[in-house]
Amino acid sequence: MATRVLDQHQAHVAHGEKTGLWSWITTVDHKRIGILYGATAFFFFLLGGIEALLLRIQLGTAENTFLSPETYNQLFTMHGTTMIFLAIMPLSAMFFNFMIPLLIGARDVAFPRLNAFSYWVFLLGGLFLNASFLFGAAPDAGWFGYANLTSKQYSPGLNVDFWMLGLQILGLASMAAALNFFVTIVNLRAPGMNLMRMPMFVWMSFITQVLLLLAFPVITVALILLMYDRFFGTHFFVPSGGGDPLLWQHLFWIFGHPEVYILILPAFGIVSEVLPVFSRKPLFGYAAMVFSGVFIAFLGFGVWSHHMFSTGLGPLADTFFALTTMLIAIPTGVKIFNWIGTMWGGSLQFRTPMLFAIGFIAMFIIGGLSGVMHSSPPADLQQTDTYFVVAHFHYVLFGGSIFGLTAGAYYWWPKMFGRMLNERLGKLHFWLMLAGFNLTFFPMHFVGLNGMPRRVYTYPKGLGFELLNQVETAGAFLLGVSFLVFLVNIFLTWRKPRNAPADPWNGATLEWSIPSPPPEFNFAEIPTVHGRDALWELKRERGGTLPEPARVSGVGIHMPNPSYWPLVTAVGILAFFVFLMLLGHTGIWPVVASFGLVLLGVFKWAYEPAG
Amino acid sequence: MTAHAHAAHLETSTGLDNRKVAIWTFIGSECMFFATLISNYLVNKGRSLVGPFPHEPWTSPTGQHFEPIFEIPLVTLGTALLLFSSLFVVLALSGAQRGDRKALIGWLAATIACGLFFVGMQVYEFTHFVHEGLGFTTNLFGSSFYTLTGFHGTHVTIGVLWLATVWKDALRGKLPPHKSLNLEMAALYWHFVDVVWIIIFPVVYLIK
């Protein structure tokens with residue numbers, strides 16, 4: 001390691017940036033894959049947002065005929081499915097990809113080609129799911145796909161086929177990525193970075209990977225059983241054949257509840273990075289933060305039936321799941337007090353990432369409180385299937401996850417792209433988003449408690465729902481405007497020179513010790529870590545500030561080879577599922593051939609020199 | 001570090017090879033996959049509206065008589081061979097690590113043979129059941145039985161393919177001791193598939 005030549009004059013030469021489409025298709029660089037994840041997920045986020053706006057136009061006035069009931073069903077199903085699987089999860093994956101290796105002082109992830117594979121499968125799965133619109137057969141049974149809405153008898157079209165196979169493809173991508181990041185965090189930490197020195201974002205990401213690894217197999221099996229019911233005529237969820245539709249709900253929510261922590265824990269991690277930096281003091285209660293995260297994840301597997309109180313599980317089950325659900329409020333409360341404790345007495349700097357992080361805390365508290373209200377079965381029976389629930393989960397998913405992810409976007413943008421986003425536009429984005437968000441979702445608490453049912457395409461006049469629904473629709477468009485401001489900010493920033501300093505925020509973690517954007521090999525020399533907040537530690541040792549890191553050529557640093565086999569394998573998987581859907585028309589042989597392509601890809605990949 | 005340094009030579013935080021951590025992680029995830037399949041079998045146990053049944057005879061409304069469908073002795077033989085194959089793959093790995101090529105190739109062949117016998121037994125069993133009147137969609141027992149044991153059989157098949165690939169490398173002398181992890185990965189997976197069967201065999205075949 002010490003003999004490596006650090007030639008400062010050959011910057012951009014030996015490891016000069018490879019450019020062109022082919023270099024992106026064959027890339028195995030975690031930073032490029034992170035950017036691909038981010039761009040794709042942001043596109044799907046805008047798509048899901050447009051779907052939401054169409055829903056809000058329909059609900060803006062009573063007895064509206066803007067959307068037909070069929071279209072409305074497709075749009076709310078695709079809005080939920082898109083935001084969960086194609087927006088929030090992959091936006092988190094963008095930060096896993098780009099930031100985890102930088103935060104733990106690694107040159108790449110454990111399996112760079114598997115990482116590329118995850119991205120391609122995610123992209124193709126997202127396109128597959130949305131291709132359903134082209135056939136006028138978008139999924140229409142809700143993101144939860146309850147039996148027997150999804151049975152062949154009640155949904156004979158391709159709609160549910162697109163949904164169940166699309167989720168199966170996306171699940172593969174998530175599983176491969178989770179395996180990769182789990183091993184990366186376990187095995188590739190820089191010397192000295194023991195588990196209790198890891199940045200909080202890495203910790204929360206680590207817990208998320210465990211949840212993914214344990215929760216996704218359950219939905220995989222549930223979707224397989226549903227596929228058998230629909231394609232081959234089994235009766236797993238069909239009562240006429242002895243099957244039990246409730247089994248679907250159990251399997252779905254055993255996956256589905258850990259899934260909501262999969263959606264929120266990365267945002268917890270981001271906020272735990274942003275708050276200390278802009279409060280100028282270390283995270284309060286580091287160990288409590290770690291263990292409350294672990295506890296939330298553990299309890300997350302024992303609360304699923306609170307989604308099913310209205311199915312009549314009986315007093316014993318209701319009591320058990322009510323208690324476990326209430327228990328989750330404790331570690332979550334610990335986190336909120338620790339975030340507030342981090343800011344307490346700090347010298348707060350209200351930069352854009354900090355505003356979003358504080359907004360996250362405030363909005364998440366509101367969502368958390370309405371969540372505790374649901375944990376009581378009698379209260380839940382009043383609230384279930386109403387807009388009160390819609391208000392609750394948007395406060396945690398939008399007010400929580402999206403605020404947190406946006407904080408991360410502003411915070412890490414200079415590191416990812418070498419350009420600082422505009423502060424004024426960033427603050428405008430924040431205030432518009434905060435106002436739009438609350439205008440949209442706060443009134444839903446009231447219309448919900450007054451009995452307005454969710455998932456219904458319209459409502460009658462004279463029930464007192466009109467005014468608040470108009471406010472909600474106006475708020476939704478304000479939210480849309482706030483993201484237009486973000487797009488303008490991105491566009492203007494793009495045209496500026498790439499001159500962001502390595503450490504614009506006086507950061508605490510290792511990613512700020514290397515140039516912005518980082519060179520392909522990340523760290524010229526793998527750092528040695530002596531404590532938490534490794535970079536603050538180093539700055540203290542060296543008397544305050546560090547010089548701007550030089551861009552070195554990286555000659556002699558060995559990086560993995562590019563490869564196109566991950567893409568070939570991913571295409572094979574897409575073809576497999578497409579032909580599975582067309583089984584009745586094209587027969588078994590295209591399915592077998594696609595599987596052959598997957599096998600070919602896997603073998604070529606296995607025997608190709610990794611680098 | 002030189003340009004020739006291989007990724008595997010980098011020191012890891014745990015001292016374990018990335019691939020070894022990965023296969024253990026994968027196995028942890030697979031536990032949930034089979035736990036769900038086994039739960040599905042148990043949930044649907046006794047809920048079939050029509051026969052044939054696993055442990056009881058059944059006479060259809062039309063007067064057709066069906067015997068209990070399981071053939072325990074044959075499956076017991078398959079189970080025994082699958083369990084022995086776990087021992088064989090340990091002996092093969094030991095051979096690979098010691099550089100004893102003969103032991104490696106021989107024991108690995110024995111492992112693959114046991115795996116093939118198990119898959120063959122399952123193909124015979126499935127064909128026989130269908131012949132006896134238990135199709136995939138006949139009743140909930142049939143659907144959940146074929147789903148559970150079918151997915152296990154698929155895992156065994158993938159294991160056989162994986163071991164055969166390693167065996168091919170071993171025959172060509174491409175599995176020197178420092179690459180024995182290539183076999184160890186497949187072996188860990190093989191043990192896991194075995195352990196799953198140890199649960200499936202009593203739960204499905206023995207408990208009435």
# chains A, B, ... in the order shown; residues from 1 in each chain; ligands from 1
>>> closest_atom_pairs(of="chain A", to="chain B", cutoff="8 Å", atoms="only C-alpha atoms", output="Markdown table")
| residue | atom | partner | partner_atom | distance |
| --- | --- | --- | --- | --- |
| A:Met1 | CA | B:Met1 | CA | 5.0 |
| A:Thr3 | CA | B:Met1 | CA | 7.4 |
| A:Arg4 | CA | B:Met1 | CA | 7.0 |
| A:Ala110 | CA | B:Asn18 | CA | 6.4 |
| A:Leu179 | CA | B:Ala22 | CA | 6.6 |
| A:Asn180 | CA | B:Ala22 | CA | 7.5 |
| A:Phe182 | CA | B:Thr25 | CA | 8.0 |
| A:Val183 | CA | B:Ala22 | CA | 6.0 |
| A:Thr184 | CA | B:Asn18 | CA | 7.9 |
| A:Val186 | CA | B:Ser13 | CA | 6.9 |
| A:Asn187 | CA | B:Ser13 | CA | 4.6 |
| A:Leu188 | CA | B:Thr12 | CA | 5.6 |
| A:Arg189 | CA | B:Ser13 | CA | 5.8 |
| A:Ala190 | CA | B:Ser13 | CA | 7.4 |
| A:Pro191 | CA | B:Ser13 | CA | 7.3 |
| A:Leu213 | CA | B:Ser29 | CA | 5.2 |
| A:Leu214 | CA | B:Ser29 | CA | 5.4 |
| A:Ala215 | CA | B:Met32 | CA | 7.6 |
| A:Pro217 | CA | B:Phe33 | CA | 4.7 |
| A:Val218 | CA | B:Thr36 | CA | 5.9 |
| A:Thr220 | CA | B:Phe33 | CA | 7.7 |
| A:Val221 | CA | B:Phe33 | CA | 6.7 |
| A:Phe232 | CA | B:Thr137 | CA | 7.4 |
| A:Gly233 | CA | B:Thr137 | CA | 6.2 |
| A:Thr234 | CA | B:Thr137 | CA | 4.8 |
| A:His235 | CA | B:Leu140 | CA | 6.6 |
| A:Phe236 | CA | B:Leu140 | CA | 6.8 |
| A:Gly241 | CA | B:Leu49 | CA | 6.8 |
| A:Gly242 | CA | B:Arg47 | CA | 6.0 |
| A:Gly243 | CA | B:Leu140 | CA | 7.1 |
| A:Gly556 | CA | B:Ala3 | CA | 5.2 |
| A:Ile557 | CA | B:Ala3 | CA | 6.5 |
| A:His558 | CA | B:Ala3 | CA | 5.4 |
| A:Gly611 | CA | B:His6 | CA | 7.2 |
>>> write_last_selection(atoms="N, CA and C atoms", output="short mmCIF file (atom, residue, chain, number, x, y, z; two decimals), in the first residue's frame")
data_model
loop_
_atom_site.label_atom_id
_atom_site.label_comp_id
_atom_site.auth_asym_id
_atom_site.auth_seq_id
_atom_site.Cartn_x
_atom_site.Cartn_y
_atom_site.Cartn_z
N MET A 1 0.84 -1.21 0.00
CA MET A 1 0.00 0.00 0.00
C MET A 1 0.86 1.25 0.00
N THR A 3 3.77 1.62 -1.17
CA THR A 3 4.62 1.79 -2.35
C THR A 3 3.86 2.40 -3.51
N ARG A 4 2.58 2.62 -3.33
CA ARG A 4 1.80 3.13 -4.46
C ARG A 4 2.25 4.54 -4.83
N ALA A 110 -19.09 -5.06 -2.17
CA ALA A 110 -18.48 -6.38 -2.14
C ALA A 110 -18.58 -7.07 -3.51
N LEU A 179 -28.36 -8.35 -0.33
CA LEU A 179 -27.25 -9.29 -0.07
C LEU A 179 -25.91 -8.57 -0.22
N ASN A 180 -25.83 -7.78 -1.28
CA ASN A 180 -24.60 -7.07 -1.59
C ASN A 180 -24.24 -6.06 -0.50
N PHE A 182 -25.38 -5.90 2.58
CA PHE A 182 -25.14 -6.58 3.86
C PHE A 182 -23.67 -7.00 3.93
N VAL A 183 -23.21 -7.69 2.90
CA VAL A 183 -21.82 -8.17 2.91
C VAL A 183 -20.85 -6.99 2.89
N THR A 184 -21.19 -5.94 2.13
CA THR A 184 -20.31 -4.77 2.06
C THR A 184 -20.10 -4.17 3.45
N VAL A 186 -20.67 -5.59 6.40
CA VAL A 186 -20.03 -6.52 7.31
C VAL A 186 -18.52 -6.58 7.05
N ASN A 187 -18.14 -6.53 5.78
CA ASN A 187 -16.80 -6.98 5.42
C ASN A 187 -15.85 -5.90 4.90
N LEU A 188 -16.35 -4.77 4.44
CA LEU A 188 -15.46 -3.82 3.77
C LEU A 188 -15.22 -2.53 4.54
N ARG A 189 -15.45 -2.56 5.85
CA ARG A 189 -15.21 -1.34 6.63
C ARG A 189 -13.71 -1.07 6.72
N ALA A 190 -13.36 0.21 6.70
CA ALA A 190 -11.96 0.60 6.79
C ALA A 190 -11.39 0.16 8.13
N PRO A 191 -10.06 -0.04 8.19
CA PRO A 191 -9.46 -0.45 9.46
C PRO A 191 -9.85 0.51 10.58
N LEU A 213 -33.80 -8.81 3.46
CA LEU A 213 -33.43 -10.22 3.28
C LEU A 213 -34.45 -11.15 3.94
N LEU A 214 -35.06 -10.70 5.04
CA LEU A 214 -35.98 -11.58 5.75
C LEU A 214 -37.43 -11.38 5.33
N ALA A 215 -37.79 -10.21 4.83
CA ALA A 215 -39.20 -9.96 4.50
C ALA A 215 -39.53 -10.31 3.06
N PRO A 217 -38.53 -12.74 0.97
CA PRO A 217 -38.89 -14.12 0.62
C PRO A 217 -40.36 -14.43 0.88
N VAL A 218 -40.95 -13.78 1.89
CA VAL A 218 -42.35 -14.06 2.22
C VAL A 218 -43.26 -13.59 1.09
N THR A 220 -42.36 -13.11 -1.91
CA THR A 220 -42.04 -13.94 -3.08
C THR A 220 -42.92 -15.17 -3.11
N VAL A 221 -43.01 -15.87 -1.97
CA VAL A 221 -43.85 -17.07 -1.91
C VAL A 221 -45.31 -16.70 -2.14
N PHE A 232 -52.60 -21.59 -13.12
CA PHE A 232 -52.77 -23.04 -13.19
C PHE A 232 -54.03 -23.53 -12.50
N GLY A 233 -54.77 -22.61 -11.83
CA GLY A 233 -56.05 -23.01 -11.26
C GLY A 233 -55.97 -23.69 -9.91
N THR A 234 -54.92 -23.41 -9.12
CA THR A 234 -54.92 -23.89 -7.74
C THR A 234 -55.88 -23.02 -6.92
N HIS A 235 -56.08 -23.35 -5.65
CA HIS A 235 -57.09 -22.65 -4.85
C HIS A 235 -56.53 -22.11 -3.54
N PHE A 236 -55.26 -21.66 -3.56
CA PHE A 236 -54.67 -21.19 -2.29
C PHE A 236 -55.48 -20.07 -1.66
N GLY A 241 -62.50 -23.54 -3.35
CA GLY A 241 -61.68 -24.74 -3.37
C GLY A 241 -61.10 -25.05 -2.00
N GLY A 242 -61.62 -24.40 -0.95
CA GLY A 242 -61.11 -24.64 0.40
C GLY A 242 -60.03 -23.67 0.82
N GLY A 243 -59.58 -22.82 -0.09
CA GLY A 243 -58.51 -21.88 0.22
C GLY A 243 -58.98 -20.73 1.09
N GLY A 556 -1.98 2.16 -10.34
CA GLY A 556 -1.65 1.04 -9.46
C GLY A 556 -2.79 0.62 -8.57
N ILE A 557 -3.88 1.42 -8.54
CA ILE A 557 -5.03 1.00 -7.75
C ILE A 557 -5.88 0.09 -8.61
N HIS A 558 -6.12 -1.10 -8.09
CA HIS A 558 -6.82 -2.10 -8.89
C HIS A 558 -8.32 -1.98 -8.72
N GLY A 611 -11.58 -8.97 -12.14
CA GLY A 611 -10.71 -7.81 -12.17
C GLY A 611 -9.62 -7.91 -11.13
#
>>> residues_around(residues="B:Pro202", least_positions_apart="6", cutoff="12 Å", atoms="only C-alpha atoms", output="PyMOL selection string")
chain B and resi 38+72+75-76+79+195-196+208
>>> write_last_selection(atoms="N, CA and C atoms", output="PDB file, in the first residue's frame")
ATOM      1  N   ILE B  38     -43.412 -23.899   4.116  1.00  0.00           N
ATOM      2  CA  ILE B  38     -43.822 -24.924   5.077  1.00  0.00           C
ATOM      3  C   ILE B  38     -45.061 -24.446   5.831  1.00  0.00           C
ATOM      4  N   ILE B  72     -43.892 -44.111   2.035  1.00  0.00           N
ATOM      5  CA  ILE B  72     -42.838 -43.694   2.966  1.00  0.00           C
ATOM      6  C   ILE B  72     -41.502 -44.405   2.705  1.00  0.00           C
ATOM      7  N   VAL B  75     -39.319 -42.727  -0.038  1.00  0.00           N
ATOM      8  CA  VAL B  75     -38.869 -41.393   0.350  1.00  0.00           C
ATOM      9  C   VAL B  75     -37.821 -41.483   1.448  1.00  0.00           C
ATOM     10  N   THR B  76     -37.966 -42.484   2.336  1.00  0.00           N
ATOM     11  CA  THR B  76     -36.968 -42.664   3.391  1.00  0.00           C
ATOM     12  C   THR B  76     -35.598 -42.970   2.784  1.00  0.00           C
ATOM     13  N   THR B  79     -34.268 -39.799   1.396  1.00  0.00           N
ATOM     14  CA  THR B  79     -33.834 -38.947   2.504  1.00  0.00           C
ATOM     15  C   THR B  79     -32.475 -39.389   3.020  1.00  0.00           C
ATOM     16  N   VAL B 195     -30.761 -29.695   5.186  1.00  0.00           N
ATOM     17  CA  VAL B 195     -31.391 -29.356   6.465  1.00  0.00           C
ATOM     18  C   VAL B 195     -32.869 -29.057   6.251  1.00  0.00           C
ATOM     19  N   VAL B 196     -33.177 -28.369   5.151  1.00  0.00           N
ATOM     20  CA  VAL B 196     -34.579 -28.068   4.858  1.00  0.00           C
ATOM     21  C   VAL B 196     -35.356 -29.375   4.697  1.00  0.00           C
ATOM     22  N   LYS B 208     -49.019 -37.264  11.077  1.00  0.00           N
ATOM     23  CA  LYS B 208     -50.332 -37.469  10.449  1.00  0.00           C
ATOM     24  C   LYS B 208     -51.310 -36.375  10.860  1.00  0.00           C
TER      25      LYS B 208
END
>>> select_by_dssp(residues="stretch 21-198 of chain B", states="alpha helix (DSSP H)", output="ChimeraX atom specification")
/B:21-44,72-98,101-132,140-171,181-198
>>> atom_distance(atom1="atom CA of A:Ala500", atom2="atom CA of A:Phe350")
19.3 Å
